[in-house]
$ cat coords.pdb   # PDB, C-alpha atoms
ATOM      1  CA  MET C1231     -57.320  31.807 -47.528
ATOM      2  CA  LYS C1232     -58.061  28.685 -45.519
ATOM      3  CA  ILE C1233     -58.189  28.872 -41.750
ATOM      4  CA  GLY C1234     -58.304  26.195 -39.099
ATOM      5  CA  ALA C1235     -61.229  24.892 -37.122
ATOM      6  CA  ASP C1236     -60.135  26.850 -34.061
ATOM      7  CA  LEU C1237     -60.459  30.179 -35.896
ATOM      8  CA  GLN C1238     -63.746  29.096 -37.471
ATOM      9  CA  ALA C1239     -65.098  28.416 -33.987
ATOM     10  CA  PHE C1240     -63.752  31.748 -32.762
ATOM     11  CA  MET C1241     -65.470  33.618 -35.600
ATOM     12  CA  SER C1242     -68.707  31.928 -34.587
ATOM     13  CA  ARG C1243     -68.295  33.085 -30.982
ATOM     14  CA  LEU C1244     -67.322  36.547 -32.182
ATOM     15  CA  GLY C1245     -70.342  36.807 -34.454
ATOM     16  CA  HIS C1246     -68.524  37.761 -37.648
ATOM     17  CA  ASP C1247     -67.429  35.610 -40.582
ATOM     18  CA  PHE C1248     -64.407  37.299 -42.145
ATOM     19  CA  ALA C1249     -64.315  37.783 -45.896
ATOM     20  CA  HIS C1250     -60.600  38.516 -45.461
ATOM     21  CA  PRO C1251     -59.422  36.159 -42.688
ATOM     22  CA  GLU C1252     -55.867  37.476 -42.972
ATOM     23  CA  LEU C1253     -57.137  40.523 -41.077
ATOM     24  CA  LEU C1254     -58.221  38.317 -38.199
ATOM     25  CA  LEU C1255     -54.879  36.509 -38.195
ATOM     26  CA  ARG C1256     -53.056  39.818 -37.951
ATOM     27  CA  ALA C1257     -55.337  40.961 -35.120
ATOM     28  CA  LEU C1258     -54.403  37.826 -33.191
ATOM     29  CA  THR C1259     -50.646  38.096 -33.789
ATOM     30  CA  HIS C1260     -48.650  39.297 -30.786
ATOM     31  CA  GLY C1261     -45.297  40.998 -31.169
ATOM     32  CA  SER C1262     -43.516  37.963 -29.684
ATOM     33  CA  VAL C1263     -44.204  35.976 -32.842
ATOM     34  CA  ALA C1264     -44.239  38.785 -35.421
ATOM     35  CA  SER C1265     -41.768  39.046 -38.313
ATOM     36  CA  PRO C1266     -41.202  41.332 -41.340
ATOM     37  CA  THR C1267     -43.656  39.199 -43.294
ATOM     38  CA  ARG C1268     -46.023  38.683 -40.359
ATOM     39  CA  PRO C1269     -46.887  42.031 -38.738
ATOM     40  CA  ASP C1270     -48.199  42.193 -35.193
ATOM     41  CA  ASN C1271     -51.521  43.625 -34.048
ATOM     42  CA  GLN C1272     -50.373  46.975 -32.628
ATOM     43  CA  ARG C1273     -51.581  49.155 -35.501
ATOM     44  CA  LEU C1274     -54.935  47.382 -35.471
ATOM     45  CA  GLU C1275     -55.150  47.882 -31.726
ATOM     46  CA  PHE C1276     -54.793  51.650 -32.260
ATOM     47  CA  LEU C1277     -57.660  51.651 -34.747
ATOM     48  CA  GLY C1278     -59.851  49.283 -32.754
ATOM     49  CA  ASP C1279     -59.638  51.521 -29.707
ATOM     50  CA  ARG C1280     -61.284  54.275 -31.768
ATOM     51  CA  VAL C1281     -63.941  51.945 -33.209
ATOM     52  CA  LEU C1282     -64.850  50.815 -29.698
ATOM     53  CA  GLY C1283     -64.759  54.346 -28.309
ATOM     54  CA  LEU C1284     -67.097  55.835 -30.901
ATOM     55  CA  THR C1285     -69.519  52.926 -30.654
ATOM     56  CA  ILE C1286     -69.741  53.104 -26.856
ATOM     57  CA  ALA C1287     -69.914  56.910 -26.786
ATOM     58  CA  GLU C1288     -72.811  56.942 -29.245
ATOM     59  CA  ALA C1289     -74.635  54.130 -27.425
ATOM     60  CA  LEU C1290     -74.424  55.997 -24.123
ATOM     61  CA  PHE C1291     -75.401  59.287 -25.755
ATOM     62  CA  ARG C1292     -78.532  57.742 -27.255
ATOM     63  CA  ALA C1293     -79.457  55.652 -24.209
ATOM     64  CA  ASP C1294     -79.763  58.572 -21.790
ATOM     65  CA  LYS C1295     -80.793  61.834 -23.425
ATOM     66  CA  THR C1296     -80.723  63.747 -20.131
ATOM     67  CA  ALA C1297     -77.291  62.694 -18.873
ATOM     68  CA  SER C1298     -74.625  65.359 -18.558
ATOM     69  CA  GLU C1299     -71.049  64.979 -19.772
ATOM     70  CA  GLY C1300     -70.039  64.445 -16.159
ATOM     71  CA  GLN C1301     -72.436  61.499 -15.920
ATOM     72  CA  LEU C1302     -71.534  60.010 -19.300
ATOM     73  CA  ALA C1303     -67.760  60.113 -18.856
ATOM     74  CA  PRO C1304     -67.441  57.573 -15.997
ATOM     75  CA  ARG C1305     -69.873  55.237 -17.756
ATOM     76  CA  TYR C1306     -67.777  55.475 -20.909
ATOM     77  CA  ASN C1307     -64.543  54.849 -19.014
ATOM     78  CA  ALA C1308     -66.015  51.784 -17.324
ATOM     79  CA  LEU C1309     -66.972  50.265 -20.677
ATOM     80  CA  VAL C1310     -63.801  50.917 -22.691
ATOM     81  CA  ARG C1311     -61.112  50.343 -20.050
ATOM     82  CA  GLY C1312     -58.657  47.512 -20.477
ATOM     83  CA  GLU C1313     -60.184  45.362 -17.761
ATOM     84  CA  THR C1314     -63.536  45.342 -19.558
ATOM     85  CA  CYS C1315     -61.977  44.545 -22.937
ATOM     86  CA  ALA C1316     -60.070  41.665 -21.338
ATOM     87  CA  GLU C1317     -63.261  40.334 -19.721
ATOM     88  CA  ILE C1318     -65.015  40.316 -23.100
ATOM     89  CA  ALA C1319     -61.997  38.602 -24.646
ATOM     90  CA  ARG C1320     -62.155  35.856 -22.021
ATOM     91  CA  GLU C1321     -65.888  35.359 -22.579
ATOM     92  CA  ILE C1322     -65.349  34.626 -26.284
ATOM     93  CA  GLY C1323     -62.205  32.545 -25.779
ATOM     94  CA  LEU C1324     -59.880  34.954 -27.541
ATOM     95  CA  GLY C1325     -56.868  33.812 -25.536
ATOM     96  CA  ASP C1326     -57.177  30.323 -27.007
ATOM     97  CA  VAL C1327     -56.469  31.603 -30.537
ATOM     98  CA  LEU C1328     -53.810  34.223 -29.810
ATOM     99  CA  LYS C1329     -50.614  33.767 -31.826
ATOM    100  CA  LEU C1330     -47.771  34.016 -29.315
ATOM    101  CA  GLY C1331     -44.065  33.284 -29.184
ATOM    102  CA  ARG C1332     -42.904  30.372 -27.053
ATOM    103  CA  SER C1333     -41.600  32.538 -24.206
ATOM    104  CA  GLU C1334     -44.866  34.485 -24.023
ATOM    105  CA  MET C1335     -46.879  31.279 -24.011
ATOM    106  CA  MET C1336     -44.706  29.823 -21.239
ATOM    107  CA  SER C1337     -45.265  32.926 -19.108
ATOM    108  CA  GLY C1338     -49.056  32.638 -19.364
ATOM    109  CA  GLY C1339     -49.611  35.141 -22.167
ATOM    110  CA  ARG C1340     -52.994  33.710 -23.093
ATOM    111  CA  ARG C1341     -54.305  34.849 -19.710
ATOM    112  CA  LYS C1342     -52.559  38.219 -19.426
ATOM    113  CA  GLU C1343     -55.027  41.058 -19.147
ATOM    114  CA  ALA C1344     -53.050  43.552 -21.245
ATOM    115  CA  LEU C1345     -52.548  41.092 -24.107
ATOM    116  CA  LEU C1346     -56.218  40.129 -24.132
ATOM    117  CA  ALA C1347     -57.381  43.746 -24.046
ATOM    118  CA  ASP C1348     -55.060  44.783 -26.871
ATOM    119  CA  ALA C1349     -56.068  41.818 -29.009
ATOM    120  CA  MET C1350     -59.762  42.488 -28.401
ATOM    121  CA  GLU C1351     -59.366  46.014 -29.748
ATOM    122  CA  ALA C1352     -57.335  44.706 -32.688
ATOM    123  CA  VAL C1353     -60.095  42.225 -33.555
ATOM    124  CA  LEU C1354     -62.642  45.048 -33.596
ATOM    125  CA  ALA C1355     -60.424  46.956 -36.025
ATOM    126  CA  ALA C1356     -60.144  43.857 -38.201
ATOM    127  CA  ILE C1357     -63.944  43.611 -38.367
ATOM    128  CA  TYR C1358     -64.140  47.304 -39.275
ATOM    129  CA  LEU C1359     -61.624  46.902 -42.111
ATOM    130  CA  ASP C1360     -63.276  43.692 -43.288
ATOM    131  CA  ALA C1361     -66.900  44.837 -43.332
ATOM    132  CA  GLY C1362     -67.234  48.504 -42.314
ATOM    133  CA  PHE C1363     -68.218  50.456 -39.233
ATOM    134  CA  GLU C1364     -71.860  49.366 -39.004
ATOM    135  CA  VAL C1365     -70.900  45.697 -38.816
ATOM    136  CA  ALA C1366     -68.187  46.382 -36.247
ATOM    137  CA  GLN C1367     -70.652  48.492 -34.274
ATOM    138  CA  LYS C1368     -73.174  45.651 -34.175
ATOM    139  CA  VAL C1369     -70.547  43.243 -32.869
ATOM    140  CA  VAL C1370     -69.541  45.667 -30.113
ATOM    141  CA  LEU C1371     -73.128  46.321 -29.071
ATOM    142  CA  ARG C1372     -73.849  42.594 -28.891
ATOM    143  CA  LEU C1373     -70.713  41.700 -26.931
ATOM    144  CA  TRP C1374     -71.030  44.684 -24.583
ATOM    145  CA  ALA C1375     -74.846  44.503 -24.240
ATOM    146  CA  ALA C1376     -75.020  43.264 -20.631
ATOM    147  CA  ARG C1377     -72.455  45.821 -19.505
ATOM    148  CA  LEU C1378     -74.252  48.642 -21.264
ATOM    149  CA  ASP C1379     -77.413  47.661 -19.402
ATOM    150  CA  ASN C1380     -75.602  47.713 -16.041
ATOM    151  CA  VAL C1381     -73.127  50.495 -16.636
ATOM    152  CA  GLU C1382     -74.300  52.632 -13.712
ATOM    153  CA  GLU C1383     -73.040  50.030 -11.257
ATOM    154  CA  ASP C1384     -69.804  49.429 -13.162
ATOM    155  CA  ALA C1385     -69.091  53.163 -13.390
ATOM    156  CA  ARG C1386     -68.867  53.619  -9.649
ATOM    157  CA  ASP C1387     -65.221  54.408  -9.040
ATOM    158  CA  ALA C1388     -64.430  53.609  -5.421
ATOM    159  CA  LYS C1389     -60.961  55.178  -5.520
ATOM    160  CA  THR C1390     -62.337  58.491  -6.734
ATOM    161  CA  ALA C1391     -65.147  58.400  -4.183
ATOM    162  CA  LEU C1392     -62.710  57.684  -1.353
ATOM    163  CA  GLN C1393     -60.366  60.470  -2.429
ATOM    164  CA  GLU C1394     -63.258  62.951  -2.597
ATOM    165  CA  TRP C1395     -64.410  61.843   0.869
ATOM    166  CA  ALA C1396     -60.918  62.306   2.290
ATOM    167  CA  GLN C1397     -60.496  65.731   0.716
ATOM    168  CA  ALA C1398     -63.850  66.834   2.084
ATOM    169  CA  LYS C1399     -62.504  65.952   5.550
ATOM    170  CA  GLY C1400     -59.327  67.973   4.964
ATOM    171  CA  MET C1401     -57.126  64.910   4.519
ATOM    172  CA  THR C1402     -54.453  64.163   1.947
ATOM    173  CA  PRO C1403     -55.278  61.561  -0.760
ATOM    174  CA  PRO C1404     -55.466  57.944   0.428
ATOM    175  CA  LYS C1405     -52.239  55.941   0.283
ATOM    176  CA  TYR C1406     -52.194  52.528  -1.422
ATOM    177  CA  GLU C1407     -49.491  49.991  -0.573
ATOM    178  CA  VAL C1408     -48.848  46.456  -1.790
ATOM    179  CA  THR C1409     -48.689  44.508   1.480
ATOM    180  CA  GLY C1410     -48.571  41.009   0.022
ATOM    181  CA  ARG C1411     -47.940  39.148  -3.216
ATOM    182  CA  ASP C1412     -48.266  35.450  -4.047
ATOM    183  CA  GLY C1413     -48.509  33.263  -7.102
ATOM    184  CA  PRO C1414     -46.497  32.996 -10.324
ATOM    185  CA  ASP C1415     -45.442  36.050 -12.327
ATOM    186  CA  HIS C1416     -48.026  35.418 -15.028
ATOM    187  CA  ALA C1417     -50.906  35.188 -12.530
ATOM    188  CA  PRO C1418     -49.970  37.100  -9.364
ATOM    189  CA  GLU C1419     -52.278  37.584  -6.406
ATOM    190  CA  PHE C1420     -51.909  40.948  -4.693
ATOM    191  CA  GLN C1421     -52.800  42.179  -1.227
ATOM    192  CA  ILE C1422     -53.225  45.952  -1.142
ATOM    193  CA  THR C1423     -53.894  48.163   1.871
ATOM    194  CA  VAL C1424     -55.336  51.659   1.625
ATOM    195  CA  THR C1425     -54.756  54.053   4.528
ATOM    196  CA  LEU C1426     -56.099  57.506   5.436
ATOM    197  CA  ASP C1427     -54.408  60.255   7.440
ATOM    198  CA  ASN C1428     -56.523  59.389  10.468
ATOM    199  CA  GLY C1429     -55.257  55.801  10.491
ATOM    200  CA  HIS C1430     -58.370  54.162   9.098
ATOM    201  CA  HIS C1431     -57.435  51.467   6.628
ATOM    202  CA  ALA C1432     -58.772  48.478   4.718
ATOM    203  CA  THR C1433     -57.184  45.622   2.808
ATOM    204  CA  ALA C1434     -58.234  43.702  -0.295
ATOM    205  CA  ARG C1435     -56.690  40.654  -1.886
ATOM    206  CA  GLY C1436     -57.177  39.011  -5.245
ATOM    207  CA  LYS C1437     -55.909  38.204  -8.712
ATOM    208  CA  GLY C1438     -55.947  40.739 -11.502
ATOM    209  CA  THR C1439     -54.411  44.168 -11.938
ATOM    210  CA  LYS C1440     -53.192  46.250  -9.029
ATOM    211  CA  ARG C1441     -55.776  48.854 -10.037
ATOM    212  CA  SER C1442     -58.658  46.410  -9.595
ATOM    213  CA  ILE C1443     -57.410  45.372  -6.145
ATOM    214  CA  GLU C1444     -56.975  49.028  -5.157
ATOM    215  CA  GLN C1445     -60.582  49.620  -6.183
ATOM    216  CA  ALA C1446     -61.671  46.715  -3.977
ATOM    217  CA  ALA C1447     -59.678  48.074  -1.021
ATOM    218  CA  ALA C1448     -61.174  51.537  -1.502
ATOM    219  CA  ALA C1449     -64.674  50.072  -1.655
ATOM    220  CA  ALA C1450     -64.052  48.133   1.569
ATOM    221  CA  LEU C1451     -62.848  51.246   3.379
ATOM    222  CA  LEU C1452     -65.814  53.301   2.152
ATOM    223  CA  LYS C1453     -68.109  50.623   3.532
ATOM    224  CA  ASP C1454     -66.301  50.629   6.874
ATOM    225  CA  LEU C1455     -66.609  54.408   7.030
ATOM    226  CA  GLY C1456     -70.307  54.295   6.167
ATOM    227  CA  ALA C1457     -69.546  56.568   3.231
TER
END
$ encode --input "coords.pdb" --output "structure tokens"
Amino acid sequence: MKIGADLQAFMSRLGHDFAHPELLLRALTHGSVASPTRPDNQRLEFLGDRVLGLTIAEALFRADKTASEGQLAPRYNALVRGETCAEIAREIGLGDVLKLGRSEMMSGGRRKEALLADAMEAVLAAIYLDAGFEVAQKVVLRLWAARLDNVEEDARDAKTALQEWAQAKGMTPPKYEVTGRDGPDHAPEFQITVTLDNGHHATARGKGTKRSIEQAAAAALLKDLGA
């Protein structure tokens, strides 16, 4: 099966030359352009999530032989969450080769975090089916290498830390409220304010998911509190 120069370049950035490129094409096919003869990438996404999960879990397990389950879990979550998968996808230009319907393209689908994350997992499944787990594992470890090295910092969950701080003070969980929104639907910019029972609050603003902005607001409030 012949593929275009754009997919050849993508395979080079990915670090895997597909023996069965139809697997890659399926991994890059969004539901908006799928048909009975052209299945979308959802089933591959399901499998790729497990390929990624096992690879990251084993890497963390081997990297720190003294870490408890309670220490490993937040590191694992930081590395496999959708935001991280989408970041990796952006770094290798996955959005440029996504197969999308016209309406999805017009709404900025190539930049949407959920689409990029799902497609990244689907691509990992395609590598696994094309060449086996060891090859897929090597690709994951190469693409995620920098994040594996710095996972302690990435695993710090500001929202959890703020909630634990509030509970220790006898307060109810922090309240998060969207206090501003700008930009187009496909690339919104949110302003989110987090407030405690005692009136202390902090605000963060930025593009991305609401969850990421909430994390930034929680981190700002923790800093203000000296916590």
$ closest_residue --input "coords.pdb" --among "C:Arg1292, C:Lys1368, C:Arg1341, C:Arg1332" --to "C:Gly1261" --atoms "only C-alpha atoms"
C:Arg1332
$ resolve_selection --input "coords.pdb" --expression "the PyMOL selection byres ((chain C and resi 1268) around 12)" --output "PyMOL selection string"
chain C and resi 1252-1253+1255-1267+1269-1271+1329
$ resolve_selection --input "coords.pdb" --expression "the PyMOL selection byres ((chain C and resi 1376-1379) around 10)" --output "ChimeraX atom specification"
/C:1286,1289-1290,1293,1305-1306,1308-1309,1314,1318,1371-1375,1380-1384
$ residues_near_point --input "coords.pdb" --point "(-66.1, 37.7, -45.8)" --cutoff "12 Å" --atoms "all atoms listed in the file" --output "PDB file with C-alpha atoms, in the coordinates of the input"
ATOM      1  CA  MET C1231     -57.320  31.807 -47.528  1.00  0.00           C
ATOM      2  CA  MET C1241     -65.470  33.618 -35.600  1.00  0.00           C
ATOM      3  CA  HIS C1246     -68.524  37.761 -37.648  1.00  0.00           C
ATOM      4  CA  ASP C1247     -67.429  35.610 -40.582  1.00  0.00           C
ATOM      5  CA  PHE C1248     -64.407  37.299 -42.145  1.00  0.00           C
ATOM      6  CA  ALA C1249     -64.315  37.783 -45.896  1.00  0.00           C
ATOM      7  CA  HIS C1250     -60.600  38.516 -45.461  1.00  0.00           C
ATOM      8  CA  PRO C1251     -59.422  36.159 -42.688  1.00  0.00           C
ATOM      9  CA  GLU C1252     -55.867  37.476 -42.972  1.00  0.00           C
ATOM     10  CA  LEU C1253     -57.137  40.523 -41.077  1.00  0.00           C
ATOM     11  CA  LEU C1254     -58.221  38.317 -38.199  1.00  0.00           C
ATOM     12  CA  ALA C1356     -60.144  43.857 -38.201  1.00  0.00           C
ATOM     13  CA  ILE C1357     -63.944  43.611 -38.367  1.00  0.00           C
ATOM     14  CA  TYR C1358     -64.140  47.304 -39.275  1.00  0.00           C
ATOM     15  CA  LEU C1359     -61.624  46.902 -42.111  1.00  0.00           C
ATOM     16  CA  ASP C1360     -63.276  43.692 -43.288  1.00  0.00           C
ATOM     17  CA  ALA C1361     -66.900  44.837 -43.332  1.00  0.00           C
ATOM     18  CA  GLY C1362     -67.234  48.504 -42.314  1.00  0.00           C
ATOM     19  CA  VAL C1365     -70.900  45.697 -38.816  1.00  0.00           C
TER      20      VAL C1365
END
$ residues_around --input "coords.pdb" --residues "stretch 1415-1426 of chain C" --least-positions-apart "6" --cutoff "7 Å" --atoms "only C-alpha atoms" --output "PyMOL selection string"
chain C and resi 1337-1338+1342+1404-1409+1432-1437+1440+1443-1444+1447-1448
$ atom_distance --input "coords.pdb" --atom1 "atom CA of C:Gly1410" --atom2 "atom CA of C:Val1310"
29.1 Å
$ atom_distance --input "coords.pdb" --atom1 "atom CA of C:Glu1334" --atom2 "atom CA of C:Ala1366"
28.9 Å
$ closest_residue --input "coords.pdb" --among "C:Gln1445, C:Asp1294, C:Ala1347, C:Phe1363" --to "C:Gln1393" --atoms "all atoms listed in the file"
C:Gln1445
$ axis_aligned_box --input "coords.pdb" --around "stretch 1319-1337 of chain C" --padding-each-side "8 Å" --output "JSON"
{"center_x": -53.7, "center_y": 34.2, "center_z": -25.5, "size_x": 40.3, "size_y": 24.8, "size_z": 28.7}
$ closest_residue --input "coords.pdb" --among "C:Leu1346, C:Ala1398, C:Ala1319, C:Leu1354" --to "C:Val1369" --atoms "only C-alpha atoms"
C:Leu1354
$ atom_distance --input "coords.pdb" --atom1 "atom CA of C:Asp1236" --atom2 "atom CA of C:Asp1326"
8.4 Å
$ decode --input "coords.pdb" --residues "stretch 1364-1401 of chain C" --atoms "N, CA and C atoms" --output "PDB file, in the first residue's frame"
ATOM      1  N   GLU C1364       7.114  -5.181  22.076  1.00  0.00           N
ATOM      2  CA  GLU C1364       8.451  -4.634  22.349  1.00  0.00           C
ATOM      3  C   GLU C1364       8.733  -3.409  21.500  1.00  0.00           C
ATOM      4  N   VAL C1365       8.317  -3.445  20.245  1.00  0.00           N
ATOM      5  CA  VAL C1365       8.534  -2.280  19.370  1.00  0.00           C
ATOM      6  C   VAL C1365       7.691  -1.105  19.840  1.00  0.00           C
ATOM      7  N   ALA C1366       6.423  -1.372  20.158  1.00  0.00           N
ATOM      8  CA  ALA C1366       5.559  -0.301  20.659  1.00  0.00           C
ATOM      9  C   ALA C1366       6.111   0.277  21.955  1.00  0.00           C
ATOM     10  N   GLN C1367       6.621  -0.588  22.811  1.00  0.00           N
ATOM     11  CA  GLN C1367       7.194  -0.161  24.084  1.00  0.00           C
ATOM     12  C   GLN C1367       8.381   0.773  23.859  1.00  0.00           C
ATOM     13  N   LYS C1368       9.227   0.446  22.908  1.00  0.00           N
ATOM     14  CA  LYS C1368      10.390   1.283  22.620  1.00  0.00           C
ATOM     15  C   LYS C1368       9.972   2.669  22.128  1.00  0.00           C
ATOM     16  N   VAL C1369       8.936   2.706  21.314  1.00  0.00           N
ATOM     17  CA  VAL C1369       8.447   3.998  20.816  1.00  0.00           C
ATOM     18  C   VAL C1369       7.927   4.845  21.977  1.00  0.00           C
ATOM     19  N   VAL C1370       7.137   4.231  22.849  1.00  0.00           N
ATOM     20  CA  VAL C1370       6.612   4.957  24.009  1.00  0.00           C
ATOM     21  C   VAL C1370       7.745   5.489  24.873  1.00  0.00           C
ATOM     22  N   LEU C1371       8.703   4.653  25.181  1.00  0.00           N
ATOM     23  CA  LEU C1371       9.793   5.055  26.072  1.00  0.00           C
ATOM     24  C   LEU C1371      10.629   6.175  25.464  1.00  0.00           C
ATOM     25  N   ARG C1372      10.755   6.181  24.141  1.00  0.00           N
ATOM     26  CA  ARG C1372      11.503   7.260  23.492  1.00  0.00           C
ATOM     27  C   ARG C1372      10.705   8.557  23.510  1.00  0.00           C
ATOM     28  N   LEU C1373       9.418   8.488  23.158  1.00  0.00           N
ATOM     29  CA  LEU C1373       8.604   9.692  23.097  1.00  0.00           C
ATOM     30  C   LEU C1373       8.329  10.284  24.481  1.00  0.00           C
ATOM     31  N   TRP C1374       8.226   9.415  25.477  1.00  0.00           N
ATOM     32  CA  TRP C1374       7.912   9.861  26.840  1.00  0.00           C
ATOM     33  C   TRP C1374       9.162  10.032  27.704  1.00  0.00           C
ATOM     34  N   ALA C1375      10.354   9.885  27.134  1.00  0.00           N
ATOM     35  CA  ALA C1375      11.594   9.847  27.916  1.00  0.00           C
ATOM     36  C   ALA C1375      11.765  11.058  28.825  1.00  0.00           C
ATOM     37  N   ALA C1376      11.628  12.259  28.284  1.00  0.00           N
ATOM     38  CA  ALA C1376      11.843  13.472  29.090  1.00  0.00           C
ATOM     39  C   ALA C1376      10.846  13.546  30.232  1.00  0.00           C
ATOM     40  N   ARG C1377       9.619  13.144  29.981  1.00  0.00           N
ATOM     41  CA  ARG C1377       8.596  13.192  31.029  1.00  0.00           C
ATOM     42  C   ARG C1377       8.818  12.125  32.088  1.00  0.00           C
ATOM     43  N   LEU C1378       9.319  10.994  31.686  1.00  0.00           N
ATOM     44  CA  LEU C1378       9.663   9.959  32.670  1.00  0.00           C
ATOM     45  C   LEU C1378      10.774  10.452  33.590  1.00  0.00           C
ATOM     46  N   ASP C1379      11.716  11.194  33.027  1.00  0.00           N
ATOM     47  CA  ASP C1379      12.829  11.706  33.831  1.00  0.00           C
ATOM     48  C   ASP C1379      12.377  12.783  34.814  1.00  0.00           C
ATOM     49  N   ASN C1380      11.286  13.483  34.492  1.00  0.00           N
ATOM     50  CA  ASN C1380      10.837  14.599  35.328  1.00  0.00           C
ATOM     51  C   ASN C1380       9.459  14.358  35.923  1.00  0.00           C
ATOM     52  N   VAL C1381       9.103  13.104  36.082  1.00  0.00           N
ATOM     53  CA  VAL C1381       7.737  12.780  36.472  1.00  0.00           C
ATOM     54  C   VAL C1381       7.392  13.252  37.880  1.00  0.00           C
ATOM     55  N   GLU C1382       8.356  13.366  38.759  1.00  0.00           N
ATOM     56  CA  GLU C1382       8.058  13.813  40.122  1.00  0.00           C
ATOM     57  C   GLU C1382       7.411  15.194  40.111  1.00  0.00           C
ATOM     58  N   GLU C1383       7.947  16.082  39.277  1.00  0.00           N
ATOM     59  CA  GLU C1383       7.395  17.431  39.195  1.00  0.00           C
ATOM     60  C   GLU C1383       6.018  17.408  38.540  1.00  0.00           C
ATOM     61  N   ASP C1384       5.871  16.626  37.473  1.00  0.00           N
ATOM     62  CA  ASP C1384       4.598  16.562  36.769  1.00  0.00           C
ATOM     63  C   ASP C1384       3.505  15.929  37.610  1.00  0.00           C
ATOM     64  N   ALA C1385       3.886  15.057  38.551  1.00  0.00           N
ATOM     65  CA  ALA C1385       2.897  14.313  39.329  1.00  0.00           C
ATOM     66  C   ALA C1385       2.301  15.129  40.471  1.00  0.00           C
ATOM     67  N   ARG C1386       2.834  16.291  40.712  1.00  0.00           N
ATOM     68  CA  ARG C1386       2.286  17.119  41.780  1.00  0.00           C
ATOM     69  C   ARG C1386       0.907  17.620  41.375  1.00  0.00           C
ATOM     70  N   ASP C1387      -0.083  17.195  42.081  1.00  0.00           N
ATOM     71  CA  ASP C1387      -1.470  17.542  41.769  1.00  0.00           C
ATOM     72  C   ASP C1387      -1.909  18.652  42.707  1.00  0.00           C
ATOM     73  N   ALA C1388      -1.959  19.869  42.192  1.00  0.00           N
ATOM     74  CA  ALA C1388      -2.267  21.025  43.031  1.00  0.00           C
ATOM     75  C   ALA C1388      -3.688  20.968  43.575  1.00  0.00           C
ATOM     76  N   LYS C1389      -4.631  20.473  42.794  1.00  0.00           N
ATOM     77  CA  LYS C1389      -6.019  20.409  43.259  1.00  0.00           C
ATOM     78  C   LYS C1389      -6.154  19.473  44.456  1.00  0.00           C
ATOM     79  N   THR C1390      -5.489  18.329  44.366  1.00  0.00           N
ATOM     80  CA  THR C1390      -5.531  17.381  45.482  1.00  0.00           C
ATOM     81  C   THR C1390      -4.864  17.978  46.716  1.00  0.00           C
ATOM     82  N   ALA C1391      -3.718  18.620  46.511  1.00  0.00           N
ATOM     83  CA  ALA C1391      -2.998  19.215  47.634  1.00  0.00           C
ATOM     84  C   ALA C1391      -3.830  20.309  48.308  1.00  0.00           C
ATOM     85  N   LEU C1392      -4.518  21.118  47.502  1.00  0.00           N
ATOM     86  CA  LEU C1392      -5.339  22.181  48.066  1.00  0.00           C
ATOM     87  C   LEU C1392      -6.533  21.603  48.827  1.00  0.00           C
ATOM     88  N   GLN C1393      -7.140  20.573  48.280  1.00  0.00           N
ATOM     89  CA  GLN C1393      -8.278  19.955  48.969  1.00  0.00           C
ATOM     90  C   GLN C1393      -7.844  19.347  50.304  1.00  0.00           C
ATOM     91  N   GLU C1394      -6.692  18.677  50.317  1.00  0.00           N
ATOM     92  CA  GLU C1394      -6.184  18.097  51.558  1.00  0.00           C
ATOM     93  C   GLU C1394      -5.874  19.186  52.579  1.00  0.00           C
ATOM     94  N   TRP C1395      -5.326  20.314  52.115  1.00  0.00           N
ATOM     95  CA  TRP C1395      -5.022  21.430  53.011  1.00  0.00           C
ATOM     96  C   TRP C1395      -6.305  21.972  53.623  1.00  0.00           C
ATOM     97  N   ALA C1396      -7.331  22.153  52.781  1.00  0.00           N
ATOM     98  CA  ALA C1396      -8.599  22.685  53.258  1.00  0.00           C
ATOM     99  C   ALA C1396      -9.258  21.740  54.267  1.00  0.00           C
ATOM    100  N   GLN C1397      -9.231  20.459  53.976  1.00  0.00           N
ATOM    101  CA  GLN C1397      -9.839  19.488  54.879  1.00  0.00           C
ATOM    102  C   GLN C1397      -9.124  19.455  56.219  1.00  0.00           C
ATOM    103  N   ALA C1398      -7.799  19.604  56.174  1.00  0.00           N
ATOM    104  CA  ALA C1398      -7.030  19.620  57.415  1.00  0.00           C
ATOM    105  C   ALA C1398      -7.392  20.822  58.283  1.00  0.00           C
ATOM    106  N   LYS C1399      -7.901  21.888  57.654  1.00  0.00           N
ATOM    107  CA  LYS C1399      -8.325  23.084  58.377  1.00  0.00           C
ATOM    108  C   LYS C1399      -9.813  23.042  58.723  1.00  0.00           C
ATOM    109  N   GLY C1400     -10.466  21.915  58.442  1.00  0.00           N
ATOM    110  CA  GLY C1400     -11.887  21.781  58.750  1.00  0.00           C
ATOM    111  C   GLY C1400     -12.803  22.461  57.753  1.00  0.00           C
ATOM    112  N   MET C1401     -12.310  22.738  56.566  1.00  0.00           N
ATOM    113  CA  MET C1401     -13.115  23.403  55.543  1.00  0.00           C
ATOM    114  C   MET C1401     -13.717  22.393  54.572  1.00  0.00           C
TER     115      MET C1401
END
